[in-house]
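Everything below belongs to coords14.tsv, which stores TSV, C-alpha atoms and all ligand atoms.
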chain	number	residue	atom	x	y	z
A	1	MET	CA	-40.05	4.74	7.80
A	2	CYS	CA	-40.99	5.15	11.50
A	3	TYR	CA	-39.48	3.00	14.25
A	4	SER	CA	-40.81	2.42	17.73
A	5	GLN	CA	-38.42	3.31	20.55
A	6	SER	CA	-37.38	-0.34	21.13
A	7	GLN	CA	-36.87	-0.93	17.38
A	8	LEU	CA	-34.74	2.18	17.20
A	9	LYS	CA	-32.60	1.00	20.16
A	10	LYS	CA	-32.09	-2.38	18.42
A	11	LYS	CA	-31.15	-0.65	15.19
A	12	ILE	CA	-28.57	1.58	16.92
A	13	ALA	CA	-27.16	-1.39	18.86
A	14	SER	CA	-26.64	-3.26	15.58
A	15	PHE	CA	-24.24	-0.51	14.46
A	16	ARG	CA	-22.27	-0.62	17.71
A	17	LEU	CA	-19.94	-3.42	16.81
A	18	SER	CA	-16.72	-3.98	18.70
A	19	PRO	CA	-13.55	-3.32	16.65
A	20	GLU	CA	-13.03	-7.11	16.44
A	21	ARG	CA	-16.58	-7.71	15.14
A	22	ARG	CA	-16.10	-5.00	12.54
A	23	PHE	CA	-12.93	-6.69	11.37
A	24	LEU	CA	-14.65	-10.05	11.25
A	25	ARG	CA	-17.46	-8.54	9.20
A	26	VAL	CA	-14.89	-7.39	6.63
A	27	GLU	CA	-13.32	-10.82	6.76
A	28	LYS	CA	-16.63	-12.52	6.13
A	29	SER	CA	-17.59	-10.36	3.17
A	30	CYS	CA	-14.15	-10.42	1.57
A	31	GLN	CA	-13.22	-13.95	2.62
A	32	CYS	CA	-9.78	-12.64	3.36
A	33	ASP	CA	-8.30	-10.27	5.98
A	34	ILE	CA	-5.67	-8.92	3.61
A	35	ALA	CA	-8.26	-8.00	1.01
A	36	GLY	CA	-10.36	-6.24	3.66
A	37	VAL	CA	-7.50	-4.12	5.01
A	38	THR	CA	-6.20	-3.42	1.48
A	39	LEU	CA	-9.62	-2.23	0.30
A	40	GLN	CA	-9.81	0.18	3.22
A	41	TYR	CA	-6.37	1.58	2.39
A	42	ILE	CA	-7.27	1.91	-1.28
A	43	PHE	CA	-10.27	3.94	-0.11
A	44	LEU	CA	-8.00	6.27	1.90
A	45	GLY	CA	-5.43	6.41	-0.93
A	46	ASN	CA	-8.13	7.35	-3.43
A	47	ILE	CA	-9.16	10.35	-1.34
A	48	ILE	CA	-5.58	11.63	-1.49
A	49	LEU	CA	-5.26	10.93	-5.24
A	50	LEU	CA	-8.55	12.73	-5.94
A	51	MET	CA	-7.31	15.73	-3.94
A	52	ALA	CA	-4.02	15.66	-5.85
A	53	THR	CA	-5.82	15.58	-9.20
A	54	TYR	CA	-7.96	18.54	-8.17
A	55	VAL	CA	-4.87	20.44	-7.03
A	56	ASP	CA	-3.04	19.52	-10.25
A	57	ARG	CA	-5.77	21.08	-12.40
A	58	LYS	CA	-5.50	24.32	-10.45
A	59	MET	CA	-1.70	24.32	-10.50
A	60	LYS	CA	0.10	27.58	-11.15
A	61	THR	CA	3.76	27.73	-11.98
A	62	GLU	CA	6.05	30.60	-11.14
A	63	PRO	CA	9.02	31.62	-13.27
A	64	ILE	CA	12.18	30.37	-11.57
A	65	GLU	CA	15.28	32.49	-11.24
A	66	ILE	CA	18.23	30.10	-11.06
A	67	ASP	CA	20.66	30.78	-8.20
A	68	THR	CA	24.40	30.68	-8.86
A	69	ASP	CA	26.83	29.52	-6.14
A	70	SER	CA	27.65	33.14	-5.18
A	71	ARG	CA	23.94	33.95	-4.91
A	72	VAL	CA	23.54	30.86	-2.68
A	73	ALA	CA	26.37	32.11	-0.43
A	74	SER	CA	24.73	35.52	-0.02
A	75	PHE	CA	21.28	33.93	0.51
A	76	ARG	CA	22.75	31.71	3.25
A	77	GLU	CA	24.09	34.77	5.10
A	78	GLU	CA	20.77	36.57	4.69
A	79	TYR	CA	18.80	33.51	5.90
A	80	ARG	CA	21.03	32.94	8.92
A	81	SER	CA	20.80	36.52	10.15
A	82	ALA	CA	17.01	36.70	9.61
A	83	GLU	CA	15.84	33.19	10.57
A	84	ILE	CA	18.35	31.55	12.94
A	85	LEU	CA	18.17	33.08	16.40
A	86	PRO	CA	21.37	33.26	18.49
A	87	GLY	CA	19.94	30.73	20.98
A	88	TYR	CA	19.21	28.11	18.26
A	89	ARG	CA	21.05	24.81	18.66
A	90	GLY	CA	20.98	22.27	15.82
A	91	TRP	CA	21.54	19.27	18.10
A	92	ARG	CA	18.64	20.40	20.35
A	93	HIS	CA	16.35	20.64	17.30
A	94	PHE	CA	17.36	17.12	16.21
A	95	ALA	CA	16.91	15.79	19.78
A	96	THR	CA	13.44	17.43	20.07
A	97	THR	CA	12.31	15.79	16.80
A	98	ASN	CA	13.50	12.40	18.08
A	99	ALA	CA	11.87	12.95	21.49
A	100	ILE	CA	8.43	13.87	20.01
A	101	ILE	CA	8.39	10.96	17.57
A	102	LEU	CA	9.81	8.31	19.91
A	103	ALA	CA	7.48	9.39	22.75
A	104	GLY	CA	4.52	8.96	20.37
A	105	VAL	CA	5.81	5.53	19.28
A	106	ALA	CA	6.34	4.42	22.91
A	107	LEU	CA	2.82	5.55	23.88
A	108	CYS	CA	1.24	3.63	20.98
A	109	VAL	CA	3.31	0.49	21.70
A	110	TRP	CA	2.14	0.72	25.32
A	111	TYR	CA	-1.51	0.64	24.23
A	112	LEU	CA	-1.10	-2.26	21.76
A	113	HIS	CA	-2.84	-5.33	23.09
A	114	GLY	CA	-3.06	-8.85	21.68
A	115	VAL	CA	-1.99	-7.96	18.13
A	116	GLN	CA	-3.13	-10.55	15.62
A	117	ALA	CA	-1.08	-11.61	12.60
A	118	ARG	CA	-3.68	-10.22	10.19
A	119	GLU	CA	-3.36	-6.75	11.78
A	120	LEU	CA	0.35	-6.64	10.88
A	121	TRP	CA	-0.65	-5.98	7.26
A	122	VAL	CA	-1.23	-2.40	8.37
A	123	ILE	CA	2.57	-1.90	8.60
A	124	PRO	CA	3.54	-2.41	4.90
A	125	LEU	CA	0.33	-0.69	3.76
A	126	THR	CA	1.07	2.36	5.93
A	127	PHE	CA	4.63	2.37	4.61
A	128	VAL	CA	3.42	2.57	0.99
A	129	TYR	CA	0.67	5.03	1.96
A	130	SER	CA	3.25	7.30	3.70
A	131	ASN	CA	5.54	7.09	0.68
A	132	ILE	CA	2.78	8.19	-1.71
A	133	SER	CA	1.70	10.95	0.71
A	134	GLU	CA	5.32	12.16	0.92
A	135	TYR	CA	5.48	12.21	-2.88
A	136	LEU	CA	2.15	14.01	-3.39
A	137	GLY	CA	2.76	16.47	-0.53
A	138	HIS	CA	6.19	17.40	-1.89
A	139	ARG	CA	5.11	17.60	-5.51
A	140	PHE	CA	1.75	19.34	-5.18
A	141	VAL	CA	1.88	21.25	-1.89
A	142	MET	CA	5.50	22.12	-1.06
A	143	HIS	CA	6.36	23.23	-4.61
A	144	HIS	CA	3.25	25.35	-5.29
A	145	PRO	CA	1.64	28.08	-3.17
A	146	ARG	CA	-1.65	26.72	-1.80
A	147	PRO	CA	-4.16	28.47	0.44
A	148	GLY	CA	-3.41	27.46	4.03
A	149	PHE	CA	-0.03	25.94	3.16
A	150	GLY	CA	1.91	29.14	2.38
A	151	LEU	CA	4.41	28.43	5.15
A	152	MET	CA	5.27	25.03	3.62
A	153	PHE	CA	5.89	26.63	0.21
A	154	LYS	CA	7.97	29.44	1.73
A	155	ARG	CA	10.09	27.05	3.84
A	156	HIS	CA	10.64	24.64	0.97
A	157	VAL	CA	10.97	26.60	-2.31
A	158	LYS	CA	11.90	30.05	-1.04
A	159	GLN	CA	14.29	28.84	1.65
A	160	HIS	CA	15.36	25.17	1.43
A	161	HIS	CA	15.78	25.16	-2.38
A	162	ARG	CA	17.67	28.48	-2.30
A	163	PHE	CA	19.91	27.45	0.61
A	164	PHE	CA	20.83	24.14	-1.11
A	165	THR	CA	21.22	23.68	-4.87
A	166	HIS	CA	22.60	20.65	-6.72
A	167	THR	CA	26.08	22.27	-6.60
A	168	THR	CA	25.83	23.42	-2.96
A	169	MET	CA	24.27	20.49	-1.08
A	170	PRO	CA	26.09	20.37	2.31
A	171	VAL	CA	25.39	22.41	5.45
A	172	ASP	CA	28.21	24.67	6.65
A	173	SER	CA	27.57	23.98	10.34
A	174	ILE	CA	25.17	22.25	12.71
A	175	ARG	CA	23.20	25.55	12.97
A	176	ASP	CA	22.09	25.01	9.35
A	177	PHE	CA	19.97	22.04	10.56
A	178	LYS	CA	17.29	24.75	10.93
A	179	VAL	CA	16.75	24.80	7.16
A	180	VAL	CA	16.64	20.99	6.82
A	181	LEU	CA	14.55	19.69	9.74
A	182	PHE	CA	10.83	20.39	10.16
A	183	PRO	CA	10.13	22.80	13.06
A	184	PRO	CA	8.69	20.89	16.07
A	185	PHE	CA	5.44	22.93	15.99
A	186	LEU	CA	4.80	21.78	12.40
A	187	ILE	CA	5.36	18.14	13.44
A	188	VAL	CA	2.75	18.53	16.21
A	189	PHE	CA	0.39	20.33	13.78
A	190	PHE	CA	0.62	17.49	11.22
A	191	LEU	CA	0.21	14.85	13.92
A	192	LEU	CA	-2.95	16.46	15.28
A	193	GLY	CA	-4.34	17.82	12.01
A	194	PHE	CA	-3.73	14.87	9.67
A	195	GLY	CA	-2.45	11.86	11.66
A	196	THR	CA	-5.17	11.79	14.32
A	197	PRO	CA	-8.25	11.88	11.99
A	198	LEU	CA	-6.74	9.16	9.78
A	199	ALA	CA	-5.85	7.03	12.81
A	200	LEU	CA	-9.42	7.39	14.11
A	201	LEU	CA	-10.74	6.36	10.70
A	202	VAL	CA	-8.47	3.29	10.58
A	203	GLY	CA	-9.51	2.50	14.18
A	204	TYR	CA	-13.18	2.70	13.19
A	205	LEU	CA	-12.82	0.75	9.93
A	206	VAL	CA	-10.34	-1.91	11.07
A	207	SER	CA	-9.42	-2.14	14.78
A	208	VAL	CA	-7.77	-0.22	17.62
A	209	ASN	CA	-4.53	-2.18	17.18
A	210	ALA	CA	-4.55	-1.35	13.46
A	211	ALA	CA	-4.90	2.36	14.30
A	212	LEU	CA	-1.97	2.14	16.73
A	213	LEU	CA	0.18	0.28	14.17
A	214	PHE	CA	-0.78	2.93	11.60
A	215	VAL	CA	0.46	5.72	13.92
A	216	ILE	CA	3.65	3.82	14.91
A	217	THR	CA	4.58	3.13	11.26
A	218	GLY	CA	3.72	6.69	10.20
A	219	LEU	CA	5.80	8.22	13.00
A	220	LEU	CA	8.83	6.00	12.32
A	221	TYR	CA	8.49	6.72	8.59
A	222	PHE	CA	8.61	10.46	9.33
A	223	LEU	CA	11.69	10.03	11.56
A	224	ASN	CA	13.34	8.02	8.79
A	225	TYR	CA	12.48	10.90	6.38
A	226	GLU	CA	14.22	13.41	8.66
A	227	TYR	CA	17.31	11.17	9.13
A	228	LEU	CA	17.69	10.61	5.38
A	229	HIS	CA	17.11	14.23	4.41
A	230	LEU	CA	19.65	15.36	7.00
A	231	ALA	CA	22.12	12.72	5.73
A	232	TYR	CA	21.83	14.10	2.16
A	233	HIS	CA	22.81	17.58	3.39
A	234	LEU	CA	25.72	16.54	5.63
A	235	PRO	CA	29.24	17.69	4.63
A	236	GLU	CA	30.80	15.89	1.64
A	237	GLY	CA	32.56	12.69	2.65
A	238	HIS	CA	30.70	12.30	5.96
A	239	TRP	CA	30.57	8.57	6.79
A	240	VAL	CA	26.74	8.59	6.92
A	241	SER	CA	26.38	10.01	3.41
A	242	ARG	CA	28.89	7.43	2.15
A	243	LEU	CA	26.70	4.48	3.23
A	244	PRO	CA	25.75	2.68	-0.05
A	245	ILE	CA	21.95	3.15	0.10
A	246	VAL	CA	22.25	6.72	1.45
A	247	SER	CA	24.72	7.83	-1.23
A	248	ARG	CA	22.48	6.36	-3.96
A	249	MET	CA	19.38	8.17	-2.70
A	250	ARG	CA	21.43	11.32	-2.06
A	251	ARG	CA	22.17	11.51	-5.79
A	252	LEU	CA	18.43	11.45	-6.53
A	253	HIS	CA	17.78	14.27	-4.04
A	254	GLN	CA	20.75	16.22	-5.40
A	255	ALA	CA	19.17	16.09	-8.90
A	256	HIS	CA	15.89	17.38	-7.37
A	257	HIS	CA	17.83	20.36	-5.95
A	258	ASP	CA	18.68	21.47	-9.50
A	259	GLN	CA	16.35	24.50	-9.65
A	260	SER	CA	15.70	24.04	-13.38
A	261	ILE	CA	14.09	20.61	-12.84
A	262	MET	CA	12.94	20.71	-9.19
A	263	THR	CA	9.23	20.83	-10.16
A	264	ALA	CA	9.62	17.86	-12.51
A	265	CYS	CA	11.40	14.98	-10.79
A	266	ASN	CA	12.55	13.04	-7.70
A	267	PHE	CA	9.88	14.13	-5.24
A	268	ASN	CA	10.44	11.23	-2.84
A	269	ILE	CA	12.99	12.22	-0.20
A	270	THR	CA	13.04	8.62	1.04
A	271	TYR	CA	12.56	5.53	-1.13
A	272	PRO	CA	11.57	6.47	-4.73
A	273	ILE	CA	8.37	4.38	-4.90
A	274	GLY	CA	6.10	7.35	-5.72
A	275	ASP	CA	8.55	8.65	-8.35
A	276	TRP	CA	8.69	5.22	-9.95
A	277	LEU	CA	4.89	4.91	-9.89
A	278	PHE	CA	4.25	8.37	-11.39
A	279	ARG	CA	7.24	8.17	-13.78
A	280	THR	CA	9.11	11.17	-12.37
A	281	LEU	CA	12.26	9.29	-11.35
A	282	ARG	CA	15.53	10.60	-12.90
A	301	ZN	ZN	16.90	18.87	0.49
A	302	ZN	ZN	11.62	20.12	-3.37
Can you present the structure in this file as structure tokens?
Amino acid sequence: MCYSQSQLKKKIASFRLSPERRFLRVEKSCQCDIAGVTLQYIFLGNIILLMATYVDRKMKTEPIEIDTDSRVASFREEYRSAEILPGYRGWRHFATTNAIILAGVALCVWYLHGVQARELWVIPLTFVYSNISEYLGHRFVMHHPRPGFGLMFKRHVKQHHRFFTHTTMPVDSIRDFKVVLFPPFLIVFFLLGFGTPLALLVGYLVSVNAALLFVITGLLYFLNYEYLHLAYHLPEGHWVSRLPIVSRMRRLHQAHHDQSIMTACNFNITYPIGDWLFRTLR
């Protein structure tokens, strides 16, 4: 079909809806804001699930050599001399993670404007979405070598799971934070590589405020992930790991660190929603 120049301009203008109009259009067709936002999240969630299914079919498993406590002790020495530089400071690593995440949160809060009640649904949906992503990422990417994600596999299976087993969970010193916390460059890589495109998509499909709430929730979820994972690997008896909810979830993560079952259960580091959903909770 051919359009005249003025018809074409009208056609293009009809697609240029403001974020609010776009949201209202969803509202009109679905008769309900919640349904509109939920449908959009289901769409995003399905993309991830389809990817996971594809990855699952191509999955390769490697024979696992179980580490004894003495092998863990010698691996720890080897890891420290090869990977932890003399200038490394655990507290500085922890502070940098907090600074990156909290700066991102502050920036997004600054840009929020006139948030409507219906946009707040993005918060619980992003929480569940992050939980499922955490589960799938840990189960299908961190535990199996994938093209482009070799560093993740190396850091997780070859280093983290050999440094900590279910019988040797605590760090020996604050310098061992290196093997628990994500390196800052990987945080920035994930923010730019995965967070930004998804935020732009949410911004396009829902509204600018929804995109900002998506980023804020995602960032705080990640920080919560780092806090909890660090708490599980603190020395035995530390007051943080004795907090009721932390000690309960620590037991789940401790079971995951058993090398004989690490590819089978407890893939959520935080709240075991994904494990419950996919029946891998032990
Ligand atoms: Zn761990
Ligand atoms: Zn693992």
(request) Select the residues contacting ligand ZN 302 (chain A) at a distance of at most 12 Å, based on all atoms listed in the file, then format the selection as number ranges by chain. (result) A: 134-144, 152-166, 180, 229, 252-269
(request) Could you jot down the atom CA of Tyr221 of chain A to atom CA of Val179 of chain A separation for me, Å, one decimal place? (result) 19.9 Å
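Minimum atom-to-atom distance to ligand ZN 301 (chain A), evaluated using all atoms listed in the file, belongs to A:Thr168 out of A:Thr68, A:Thr217, A:Thr168, A:Asn224.
The shortest atom-to-atom distance to Leu151 of chain A, with all atoms listed in the file taken into account, belongs to A:Pro183 out of A:Pro272, A:Pro235, A:Pro183, A:Gly195.
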(request) Check the smallest atom-to-atom distance from each of A:His238, A:Leu205, A:Ser247, A:Met169 to ligand ZN 301 (chain A) using only C-alpha atoms and all ligand atoms, then report the winner. (result) A:Met169
(message) (22.7, 27.5, 4.4) in this file's frame - what residues fall within 8 Å of it? Use all atoms listed in the file and give the answer as number ranges by chain.
(response) A: 72-73, 75-77, 79-80, 163-164, 171-172, 176, 179
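In terms of minimum interatomic distance to ligand ZN 301 (chain A), A:Phe177 ranks closest within A:Val188, A:Val215, A:Val115, A:Phe177, counting only C-alpha atoms and all ligand atoms.
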(message) Report, in Å with one decimal, the straight-line distance from atom CA of Phe222 of chain A to atom CA of Pro184 of chain A.
(response) 12.4 Å
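Taking only C-alpha atoms into account, Ile245 of chain A lies nearest to A:Thr270 out of the set A:Pro124, A:Ile66, A:Leu230, A:Thr270.
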(request) Return the single residue from A:Asn209, A:Gly193, A:Asp67, A:Pro86 that is closest to Gln116 of chain A, with distances computed using only C-alpha atoms. (result) A:Asn209
(request) Measure the distance from atom CA of Arg251 of chain A to atom CA of Tyr232 of chain A in Å and round it to one decimal. (result) 8.4 Å
N, CA and C atoms are needed for segment 216-251 of chain A; please write them out as a short mmCIF file (atom, residue, chain, number, x, y, z; two decimals), keeping the file's coordinate frame.
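rebuild-v1.cif, freshly written:
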data_model
loop_
_atom_site.label_atom_id
_atom_site.label_comp_id
_atom_site.auth_asym_id
_atom_site.auth_seq_id
_atom_site.Cartn_x
_atom_site.Cartn_y
_atom_site.Cartn_z
N ILE A 216 2.25 4.20 14.66
CA ILE A 216 3.65 3.82 14.91
C ILE A 216 4.43 3.84 13.59
N THR A 217 3.88 3.20 12.55
CA THR A 217 4.58 3.13 11.26
C THR A 217 4.74 4.53 10.66
N GLY A 218 3.67 5.33 10.74
CA GLY A 218 3.72 6.69 10.20
C GLY A 218 4.77 7.54 10.90
N LEU A 219 4.83 7.43 12.23
CA LEU A 219 5.80 8.22 13.00
C LEU A 219 7.23 7.81 12.65
N LEU A 220 7.47 6.48 12.62
CA LEU A 220 8.83 6.00 12.32
C LEU A 220 9.21 6.34 10.88
N TYR A 221 8.23 6.33 9.98
CA TYR A 221 8.49 6.72 8.59
C TYR A 221 8.94 8.18 8.54
N PHE A 222 8.24 9.04 9.31
CA PHE A 222 8.61 10.46 9.33
C PHE A 222 10.03 10.65 9.88
N LEU A 223 10.34 9.91 10.96
CA LEU A 223 11.69 10.03 11.56
C LEU A 223 12.74 9.59 10.55
N ASN A 224 12.45 8.52 9.82
CA ASN A 224 13.34 8.02 8.79
C ASN A 224 13.53 9.09 7.69
N TYR A 225 12.45 9.79 7.36
CA TYR A 225 12.48 10.90 6.38
C TYR A 225 13.48 11.97 6.86
N GLU A 226 13.34 12.36 8.13
CA GLU A 226 14.22 13.41 8.66
C GLU A 226 15.68 12.96 8.69
N TYR A 227 15.93 11.71 9.08
CA TYR A 227 17.31 11.17 9.13
C TYR A 227 17.92 11.21 7.73
N LEU A 228 17.15 10.69 6.74
CA LEU A 228 17.69 10.61 5.38
C LEU A 228 17.93 11.99 4.80
N HIS A 229 16.95 12.89 4.98
CA HIS A 229 17.11 14.23 4.41
C HIS A 229 18.33 14.94 5.02
N LEU A 230 18.49 14.76 6.34
CA LEU A 230 19.65 15.36 7.00
C LEU A 230 20.94 14.74 6.45
N ALA A 231 20.93 13.43 6.25
CA ALA A 231 22.12 12.72 5.73
C ALA A 231 22.52 13.26 4.35
N TYR A 232 21.52 13.59 3.50
CA TYR A 232 21.83 14.10 2.16
C TYR A 232 22.52 15.47 2.21
N HIS A 233 22.26 16.22 3.31
CA HIS A 233 22.81 17.58 3.39
C HIS A 233 23.99 17.67 4.36
N LEU A 234 24.54 16.52 4.77
CA LEU A 234 25.72 16.54 5.63
C LEU A 234 26.93 16.90 4.78
N PRO A 235 28.04 17.34 5.42
CA PRO A 235 29.24 17.69 4.63
C PRO A 235 29.70 16.54 3.74
N GLU A 236 30.27 16.89 2.60
CA GLU A 236 30.80 15.89 1.64
C GLU A 236 31.74 14.94 2.38
N GLY A 237 31.63 13.66 2.07
CA GLY A 237 32.56 12.69 2.65
C GLY A 237 32.19 12.22 4.04
N HIS A 238 31.12 12.75 4.63
CA HIS A 238 30.70 12.30 5.96
C HIS A 238 30.38 10.80 5.86
N TRP A 239 30.74 10.03 6.89
CA TRP A 239 30.57 8.57 6.79
C TRP A 239 29.11 8.16 6.57
N VAL A 240 28.15 8.94 7.10
CA VAL A 240 26.74 8.59 6.92
C VAL A 240 26.35 8.73 5.45
N SER A 241 26.77 9.83 4.82
CA SER A 241 26.38 10.01 3.41
C SER A 241 27.13 9.07 2.47
N ARG A 242 28.17 8.39 3.01
CA ARG A 242 28.89 7.43 2.15
C ARG A 242 28.30 6.02 2.22
N LEU A 243 27.35 5.80 3.14
CA LEU A 243 26.70 4.48 3.23
C LEU A 243 26.04 4.18 1.88
N PRO A 244 26.19 2.95 1.33
CA PRO A 244 25.75 2.68 -0.05
C PRO A 244 24.34 3.16 -0.39
N ILE A 245 23.34 2.78 0.45
CA ILE A 245 21.95 3.15 0.10
C ILE A 245 21.74 4.66 0.24
N VAL A 246 22.41 5.27 1.24
CA VAL A 246 22.25 6.72 1.45
C VAL A 246 22.86 7.49 0.28
N SER A 247 24.06 7.09 -0.15
CA SER A 247 24.72 7.83 -1.23
C SER A 247 23.93 7.71 -2.54
N ARG A 248 23.31 6.55 -2.76
CA ARG A 248 22.48 6.36 -3.96
C ARG A 248 21.28 7.30 -3.95
N MET A 249 20.58 7.33 -2.78
CA MET A 249 19.38 8.17 -2.70
C MET A 249 19.76 9.65 -2.62
N ARG A 250 20.96 9.94 -2.10
CA ARG A 250 21.43 11.32 -2.06
C ARG A 250 21.56 11.89 -3.47
N ARG A 251 22.02 11.06 -4.39
CA ARG A 251 22.17 11.51 -5.79
C ARG A 251 20.82 11.89 -6.40
#
